[in-house]
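So this one's start_27.cif, mmCIF, N, CA and C atoms:
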```
data_data
#
loop_
_atom_site.label_atom_id
_atom_site.label_comp_id
_atom_site.auth_asym_id
_atom_site.auth_seq_id
_atom_site.Cartn_x
_atom_site.Cartn_y
_atom_site.Cartn_z
N GLN A 1 177.46 101.56 164.11
CA GLN A 1 177.29 102.87 163.52
C GLN A 1 177.28 103.91 164.63
N ALA A 2 178.01 104.96 164.43
CA ALA A 2 178.09 106.01 165.43
C ALA A 2 176.80 106.79 165.45
N GLY A 3 176.45 107.30 166.60
CA GLY A 3 175.25 108.11 166.73
C GLY A 3 174.88 108.26 168.18
N PRO A 4 173.81 108.95 168.45
CA PRO A 4 173.38 109.14 169.83
C PRO A 4 173.17 107.81 170.53
N LYS A 5 173.54 107.77 171.80
CA LYS A 5 173.47 106.53 172.58
C LYS A 5 172.18 106.45 173.41
N GLN A 6 171.47 107.57 173.54
CA GLN A 6 170.29 107.59 174.38
C GLN A 6 169.05 107.17 173.59
N SER A 7 167.94 107.13 174.29
CA SER A 7 166.68 106.83 173.61
C SER A 7 166.38 107.92 172.60
N VAL A 8 165.56 107.59 171.66
CA VAL A 8 165.18 108.53 170.62
C VAL A 8 163.79 109.04 170.94
N TYR A 9 163.57 110.33 170.81
CA TYR A 9 162.30 110.95 171.16
C TYR A 9 161.44 111.13 169.92
N THR A 10 160.20 110.83 170.06
CA THR A 10 159.23 111.12 169.00
C THR A 10 158.16 111.99 169.61
N SER A 11 157.71 112.98 168.88
CA SER A 11 156.90 114.03 169.49
C SER A 11 155.41 113.78 169.54
N ALA A 12 154.93 112.70 169.02
CA ALA A 12 153.49 112.48 169.04
C ALA A 12 153.18 111.00 169.20
N HIS A 13 152.03 110.71 169.76
CA HIS A 13 151.57 109.33 169.85
C HIS A 13 150.92 108.99 168.51
N ILE A 14 151.57 108.14 167.75
CA ILE A 14 151.05 107.73 166.46
C ILE A 14 150.99 106.21 166.48
N PRO A 15 149.80 105.64 166.38
CA PRO A 15 149.72 104.18 166.42
C PRO A 15 150.44 103.57 165.23
N GLY A 16 151.06 102.43 165.47
CA GLY A 16 151.76 101.73 164.41
C GLY A 16 150.80 101.09 163.44
N PRO A 17 151.31 100.63 162.32
CA PRO A 17 150.46 99.94 161.35
C PRO A 17 149.90 98.66 161.95
N PRO A 18 148.86 98.10 161.36
CA PRO A 18 148.19 96.95 161.96
C PRO A 18 149.10 95.75 162.16
N TRP A 19 150.14 95.59 161.35
CA TRP A 19 151.02 94.44 161.47
C TRP A 19 152.04 94.62 162.58
N ARG A 20 152.07 95.76 163.20
CA ARG A 20 153.10 96.01 164.20
C ARG A 20 152.48 96.75 165.38
N THR A 21 152.64 96.21 166.57
CA THR A 21 152.15 96.95 167.73
C THR A 21 153.27 97.86 168.21
N CYS A 22 152.88 98.97 168.72
CA CYS A 22 153.88 99.95 169.13
C CYS A 22 153.33 100.73 170.30
N SER A 23 154.11 100.86 171.35
CA SER A 23 153.68 101.63 172.50
C SER A 23 154.51 102.89 172.57
N MET A 24 153.91 103.99 172.17
CA MET A 24 154.61 105.26 172.19
C MET A 24 153.87 106.26 173.07
N ASP A 25 153.21 105.75 174.10
CA ASP A 25 152.40 106.60 174.96
C ASP A 25 153.22 107.68 175.66
N ARG A 26 154.48 107.43 175.88
CA ARG A 26 155.32 108.40 176.58
C ARG A 26 156.17 109.21 175.62
N GLY A 27 156.09 108.95 174.34
CA GLY A 27 156.83 109.74 173.38
C GLY A 27 158.26 109.29 173.17
N LEU A 28 158.71 108.27 173.87
CA LEU A 28 160.07 107.78 173.70
C LEU A 28 160.06 106.41 173.05
N VAL A 29 161.00 106.19 172.17
CA VAL A 29 161.19 104.86 171.61
C VAL A 29 162.64 104.47 171.84
N SER A 30 162.87 103.19 171.95
CA SER A 30 164.24 102.74 172.17
C SER A 30 164.98 102.67 170.83
N CYS A 31 166.28 102.64 170.93
CA CYS A 31 167.10 102.47 169.72
C CYS A 31 166.78 101.13 169.07
N GLU A 32 166.50 100.13 169.89
CA GLU A 32 166.16 98.80 169.36
C GLU A 32 164.85 98.85 168.59
N TRP A 33 163.86 99.57 169.12
CA TRP A 33 162.58 99.70 168.42
C TRP A 33 162.79 100.38 167.07
N LEU A 34 163.54 101.48 167.07
CA LEU A 34 163.78 102.21 165.83
C LEU A 34 164.50 101.33 164.81
N HIS A 35 165.50 100.62 165.25
CA HIS A 35 166.23 99.73 164.35
C HIS A 35 165.28 98.71 163.73
N GLY A 36 164.42 98.12 164.55
CA GLY A 36 163.45 97.14 164.04
C GLY A 36 162.49 97.76 163.05
N GLU A 37 162.02 98.97 163.33
CA GLU A 37 161.09 99.64 162.41
C GLU A 37 161.76 99.98 161.09
N LEU A 38 163.02 100.38 161.15
CA LEU A 38 163.73 100.75 159.92
C LEU A 38 164.09 99.53 159.08
N GLN A 39 164.11 98.35 159.71
CA GLN A 39 164.43 97.12 158.98
C GLN A 39 163.18 96.38 158.53
N GLY A 40 162.03 96.71 159.12
CA GLY A 40 160.80 95.95 158.88
C GLY A 40 160.06 96.39 157.63
N PRO A 41 158.91 95.77 157.40
CA PRO A 41 158.13 96.05 156.20
C PRO A 41 157.54 97.46 156.15
N GLY A 42 157.46 98.14 157.27
CA GLY A 42 156.93 99.50 157.28
C GLY A 42 158.01 100.56 157.27
N ALA A 43 159.24 100.19 156.91
CA ALA A 43 160.37 101.11 156.97
C ALA A 43 160.13 102.39 156.18
N GLY A 44 159.42 102.30 155.07
CA GLY A 44 159.18 103.48 154.25
C GLY A 44 158.27 104.50 154.91
N SER A 45 157.58 104.11 155.97
CA SER A 45 156.66 105.04 156.64
C SER A 45 157.31 105.70 157.86
N VAL A 46 158.60 105.47 158.07
CA VAL A 46 159.31 106.06 159.20
C VAL A 46 160.38 107.01 158.66
N ARG A 47 160.43 108.23 159.21
CA ARG A 47 161.45 109.20 158.83
C ARG A 47 162.15 109.66 160.10
N VAL A 48 163.45 109.60 160.10
CA VAL A 48 164.26 110.02 161.24
C VAL A 48 164.81 111.41 160.95
N VAL A 49 164.64 112.33 161.90
CA VAL A 49 165.16 113.69 161.73
C VAL A 49 165.99 114.09 162.94
N ASP A 50 167.09 114.75 162.66
CA ASP A 50 167.94 115.34 163.70
C ASP A 50 167.41 116.75 163.89
N ALA A 51 166.86 117.03 165.05
CA ALA A 51 166.28 118.34 165.34
C ALA A 51 167.16 119.15 166.29
N THR A 52 168.46 118.91 166.25
CA THR A 52 169.38 119.62 167.14
C THR A 52 169.30 121.12 166.91
N TRP A 53 169.26 121.85 168.01
CA TRP A 53 169.31 123.31 168.01
C TRP A 53 170.08 123.71 169.25
N TYR A 54 170.96 124.67 169.11
CA TYR A 54 171.79 125.09 170.23
C TYR A 54 171.28 126.41 170.81
N LEU A 55 171.18 126.47 172.13
CA LEU A 55 170.75 127.67 172.84
C LEU A 55 171.98 128.30 173.49
N ALA A 56 172.35 129.46 173.02
CA ALA A 56 173.55 130.14 173.51
C ALA A 56 173.47 130.40 175.01
N ASN A 57 174.63 130.40 175.65
CA ASN A 57 174.76 130.72 177.07
C ASN A 57 173.90 129.84 177.97
N SER A 58 173.85 128.56 177.64
CA SER A 58 173.07 127.63 178.44
C SER A 58 173.75 126.27 178.41
N PRO A 59 173.25 125.31 179.18
CA PRO A 59 173.80 123.95 179.09
C PRO A 59 173.56 123.33 177.71
N PHE A 60 172.71 123.96 176.91
CA PHE A 60 172.38 123.43 175.59
C PHE A 60 173.05 124.23 174.47
N CYS A 61 174.17 124.90 174.81
CA CYS A 61 174.88 125.67 173.79
C CYS A 61 175.70 124.73 172.90
N ALA A 62 176.15 125.28 171.80
CA ALA A 62 176.96 124.49 170.86
C ALA A 62 178.28 124.11 171.53
N PRO A 63 178.76 122.90 171.25
CA PRO A 63 180.05 122.51 171.81
C PRO A 63 181.18 123.36 171.21
N GLU A 64 182.26 123.46 171.94
CA GLU A 64 183.42 124.21 171.46
C GLU A 64 183.86 123.68 170.09
N GLY A 65 184.09 124.58 169.16
CA GLY A 65 184.52 124.19 167.82
C GLY A 65 183.38 123.85 166.87
N SER A 66 182.15 123.97 167.35
CA SER A 66 180.99 123.66 166.52
C SER A 66 180.79 124.73 165.46
N GLY A 67 180.38 124.31 164.29
CA GLY A 67 180.02 125.25 163.23
C GLY A 67 178.52 125.49 163.19
N GLY A 68 177.80 125.01 164.20
CA GLY A 68 176.35 125.14 164.24
C GLY A 68 175.71 123.77 164.09
N ALA A 69 174.42 123.70 164.36
CA ALA A 69 173.72 122.42 164.36
C ALA A 69 173.76 121.73 163.00
N ARG A 70 173.50 122.48 161.91
CA ARG A 70 173.53 121.86 160.59
C ARG A 70 174.93 121.36 160.25
N ALA A 71 175.95 122.15 160.53
CA ALA A 71 177.32 121.73 160.24
C ALA A 71 177.69 120.49 161.05
N ASP A 72 177.26 120.44 162.31
CA ASP A 72 177.53 119.27 163.13
C ASP A 72 176.81 118.04 162.57
N PHE A 73 175.57 118.24 162.10
CA PHE A 73 174.83 117.14 161.48
C PHE A 73 175.57 116.62 160.25
N GLU A 74 176.00 117.54 159.40
CA GLU A 74 176.68 117.14 158.17
C GLU A 74 178.01 116.46 158.45
N ALA A 75 178.70 116.90 159.51
CA ALA A 75 179.99 116.30 159.87
C ALA A 75 179.81 114.93 160.52
N GLY A 76 178.64 114.69 161.12
CA GLY A 76 178.37 113.42 161.79
C GLY A 76 179.01 113.39 163.17
N PRO A 77 178.79 112.33 163.91
CA PRO A 77 177.98 111.17 163.52
C PRO A 77 176.50 111.51 163.60
N ARG A 78 175.71 110.74 162.90
CA ARG A 78 174.26 110.88 162.93
C ARG A 78 173.64 109.52 162.70
N LEU A 79 172.36 109.42 162.97
CA LEU A 79 171.67 108.16 162.73
C LEU A 79 171.58 107.94 161.22
N PRO A 80 171.82 106.73 160.77
CA PRO A 80 171.78 106.45 159.33
C PRO A 80 170.43 106.83 158.72
N GLY A 81 170.48 107.53 157.61
CA GLY A 81 169.27 107.92 156.89
C GLY A 81 168.57 109.14 157.44
N ALA A 82 169.12 109.74 158.50
CA ALA A 82 168.47 110.90 159.11
C ALA A 82 168.56 112.13 158.21
N ALA A 83 167.57 112.99 158.33
CA ALA A 83 167.57 114.29 157.66
C ALA A 83 167.70 115.35 158.76
N PHE A 84 168.13 116.55 158.38
CA PHE A 84 168.27 117.62 159.36
C PHE A 84 167.03 118.52 159.32
N PHE A 85 166.38 118.69 160.48
CA PHE A 85 165.25 119.60 160.61
C PHE A 85 165.78 120.91 161.15
N ASP A 86 165.66 121.97 160.37
CA ASP A 86 166.18 123.28 160.73
C ASP A 86 165.05 124.15 161.29
N ILE A 87 164.96 124.21 162.61
CA ILE A 87 163.89 124.98 163.24
C ILE A 87 164.00 126.46 162.88
N ASP A 88 165.23 126.97 162.73
CA ASP A 88 165.40 128.37 162.35
C ASP A 88 164.91 128.61 160.93
N GLY A 89 165.05 127.61 160.07
CA GLY A 89 164.65 127.75 158.68
C GLY A 89 163.15 127.67 158.46
N VAL A 90 162.42 127.06 159.37
CA VAL A 90 160.98 126.89 159.19
C VAL A 90 160.17 127.88 160.03
N ALA A 91 160.76 128.43 161.08
CA ALA A 91 160.04 129.34 161.98
C ALA A 91 159.71 130.65 161.26
N THR A 92 158.59 131.22 161.62
CA THR A 92 158.19 132.52 161.07
C THR A 92 158.97 133.60 161.81
N PRO A 93 159.75 134.39 161.07
CA PRO A 93 160.51 135.45 161.74
C PRO A 93 159.57 136.57 162.22
N THR A 94 159.66 136.85 163.49
CA THR A 94 158.86 137.91 164.10
C THR A 94 159.80 138.74 164.96
N PRO A 95 159.86 140.05 164.76
CA PRO A 95 160.77 140.87 165.55
C PRO A 95 160.59 140.64 167.05
N GLY A 96 161.68 140.28 167.71
CA GLY A 96 161.67 140.07 169.14
C GLY A 96 161.20 138.69 169.59
N LEU A 97 160.65 137.92 168.69
CA LEU A 97 160.16 136.58 169.03
C LEU A 97 160.71 135.58 168.03
N VAL A 98 161.56 134.70 168.51
CA VAL A 98 162.13 133.71 167.60
C VAL A 98 161.32 132.42 167.67
N HIS A 99 161.39 131.65 166.63
CA HIS A 99 160.78 130.32 166.55
C HIS A 99 159.26 130.33 166.67
N MET A 100 158.64 131.33 166.07
CA MET A 100 157.19 131.37 166.04
C MET A 100 156.67 130.34 165.04
N VAL A 101 155.50 129.80 165.32
CA VAL A 101 154.92 128.75 164.49
C VAL A 101 154.70 129.29 163.07
N PRO A 102 155.17 128.53 162.08
CA PRO A 102 154.98 128.97 160.70
C PRO A 102 153.54 128.73 160.23
N SER A 103 153.24 129.26 159.07
CA SER A 103 151.92 128.98 158.49
C SER A 103 151.84 127.50 158.14
N GLU A 104 150.64 127.01 157.98
CA GLU A 104 150.44 125.61 157.60
C GLU A 104 151.15 125.30 156.29
N GLU A 105 151.09 126.22 155.34
CA GLU A 105 151.72 126.00 154.04
C GLU A 105 153.24 125.93 154.17
N THR A 106 153.82 126.82 154.96
CA THR A 106 155.27 126.82 155.15
C THR A 106 155.73 125.54 155.83
N PHE A 107 154.99 125.13 156.87
CA PHE A 107 155.36 123.92 157.58
C PHE A 107 155.21 122.70 156.69
N ALA A 108 154.11 122.61 155.94
CA ALA A 108 153.90 121.48 155.04
C ALA A 108 155.01 121.40 154.00
N ALA A 109 155.43 122.53 153.47
CA ALA A 109 156.52 122.54 152.48
C ALA A 109 157.83 122.08 153.11
N ALA A 110 158.09 122.51 154.33
CA ALA A 110 159.32 122.09 155.02
C ALA A 110 159.30 120.59 155.28
N MET A 111 158.16 120.07 155.71
CA MET A 111 158.06 118.63 155.96
C MET A 111 158.20 117.84 154.66
N ALA A 112 157.57 118.31 153.59
CA ALA A 112 157.68 117.63 152.29
C ALA A 112 159.13 117.59 151.83
N SER A 113 159.89 118.65 152.08
CA SER A 113 161.30 118.68 151.67
C SER A 113 162.13 117.65 152.44
N LEU A 114 161.62 117.22 153.60
CA LEU A 114 162.30 116.19 154.40
C LEU A 114 161.77 114.79 154.09
N GLY A 115 160.81 114.70 153.16
CA GLY A 115 160.23 113.41 152.83
C GLY A 115 159.16 112.98 153.82
N ILE A 116 158.56 113.95 154.50
CA ILE A 116 157.53 113.66 155.50
C ILE A 116 156.17 114.03 154.93
N GLU A 117 155.29 113.05 154.93
CA GLU A 117 153.92 113.23 154.47
C GLU A 117 152.98 113.01 155.65
N PRO A 118 151.69 113.29 155.49
CA PRO A 118 150.77 113.15 156.62
C PRO A 118 150.79 111.78 157.31
N ASN A 119 151.05 110.72 156.60
CA ASN A 119 151.04 109.39 157.22
C ASN A 119 152.42 108.90 157.63
N THR A 120 153.42 109.73 157.51
CA THR A 120 154.77 109.34 157.90
C THR A 120 154.90 109.36 159.42
N ARG A 121 155.51 108.31 159.96
CA ARG A 121 155.85 108.29 161.39
C ARG A 121 157.21 108.96 161.53
N VAL A 122 157.29 109.98 162.35
CA VAL A 122 158.51 110.77 162.49
C VAL A 122 159.16 110.48 163.84
N VAL A 123 160.45 110.19 163.80
CA VAL A 123 161.24 110.04 165.02
C VAL A 123 162.28 111.15 164.99
N ALA A 124 162.19 112.04 165.98
CA ALA A 124 163.11 113.16 166.07
C ALA A 124 164.07 112.95 167.23
N TYR A 125 165.31 113.32 167.01
CA TYR A 125 166.31 113.25 168.08
C TYR A 125 167.17 114.50 168.02
N ASP A 126 167.91 114.75 169.08
CA ASP A 126 168.88 115.84 169.07
C ASP A 126 170.12 115.41 169.83
N ARG A 127 171.16 116.18 169.71
CA ARG A 127 172.45 115.83 170.30
C ARG A 127 172.49 116.06 171.80
N HIS A 128 171.46 116.68 172.35
CA HIS A 128 171.41 116.92 173.79
C HIS A 128 170.67 115.83 174.53
N GLY A 129 169.96 115.00 173.86
CA GLY A 129 169.13 113.98 174.51
C GLY A 129 167.68 114.25 174.21
N VAL A 130 167.07 115.16 174.95
CA VAL A 130 165.68 115.53 174.70
C VAL A 130 165.54 117.03 175.01
N PHE A 131 166.13 117.87 174.20
CA PHE A 131 166.04 119.32 174.39
C PHE A 131 165.27 119.96 173.24
N SER A 132 165.80 119.86 172.05
CA SER A 132 165.16 120.51 170.91
C SER A 132 164.33 119.55 170.07
N ALA A 133 164.42 118.26 170.29
CA ALA A 133 163.65 117.30 169.51
C ALA A 133 162.17 117.28 169.87
N PRO A 134 161.78 117.54 171.13
CA PRO A 134 160.35 117.47 171.43
C PRO A 134 159.60 118.51 170.67
#
```

Is it possible to give me this structure as structure tokens?
Amino acid sequence: QAGPKQSVYTSAHIPGPPWRTCSMDRGLVSCEWLHGELQGPGAGSVRVVDATWYLANSPFCAPEGSGGARADFEAGPRLPGAAFFDIDGVATPTPGLVHMVPSEETFAAAMASLGIEPNTRVVAYDRHGVFSAP
């Protein structure tokens, strides 16, 4: 299956369920770990999100011909079962300041729309490696 070749980043240390030990002290999980988790008995508690965001005029800008992060996600390749996390769609718009933290209610609604609940283990990745996923 086509998709990112690097390690997958997860943004928080969340202990695994009792039947599975998991070392996420550094915030990175391997592709092999993710594959095992998605195939195992706790698969329903793991949600994979593509958190790609492009920063104009930088090494993290959109590739030539890109229609934007969401369009690139929809066109693929992407990790199987992944959802797209739109940081622009969830951030609180503030004049002169982009990507401000949303209210708890706004963030909770955005997470619920992605199938993420308080006990869901979230693995976020981006097309740059580890730029917008952390």

Original post:
On this structure, which residues satisfy the PyMOL selection byres ((chain A and resi 47-60) around 6), written as a VMD selection string?
Top reply: chain A and resid 45 to 46 61 to 62 69 81 to 85 120 to 127 132 to 133

**OP:** Could you jot down the atom N of Ser103 (chain A) to atom C of Ala91 (chain A) separation for me, Å, one decimal place?
**Re:** 7.0 Å

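What separates atom N of Pro80 (chain A) from atom N of Val101 (chain A) is a distance of 28.6 Å.
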
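Of note, CA of His35 (chain A) and CA of Arg78 (chain A) are spaced 13.8 Å apart.
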
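Remark: for Ala108 (chain A), the closest of the candidate residues A:Ser66, A:Pro77, A:Val90, A:Trp33 is A:Val90 (distances computed over only C-alpha atoms).
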
**OP:** Please identify which residues in region 40-101 of chain A DSSP calls alpha helix (DSSP H) from the backbone, and express them as a list of chain:residue names.
**Re:** A:Ala69, A:Arg70, A:Ala71, A:Asp72, A:Phe73, A:Glu74, A:Ala75, A:Ile87, A:Asp88, A:Gly89, A:Val90

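Excluding Phe107 (chain A) and any residue on its chain fewer than 4 positions from it, the residues at most 12 Å away by only C-alpha atoms are Phe85, Asp86, Ile87, Asp88, Gly89, Val90, Ala91, Thr92, Met100, Val101, Pro102, Ser103, Met111, Ala112, Ser113, Leu114, Ile116, Glu117 and Pro118 of chain A.
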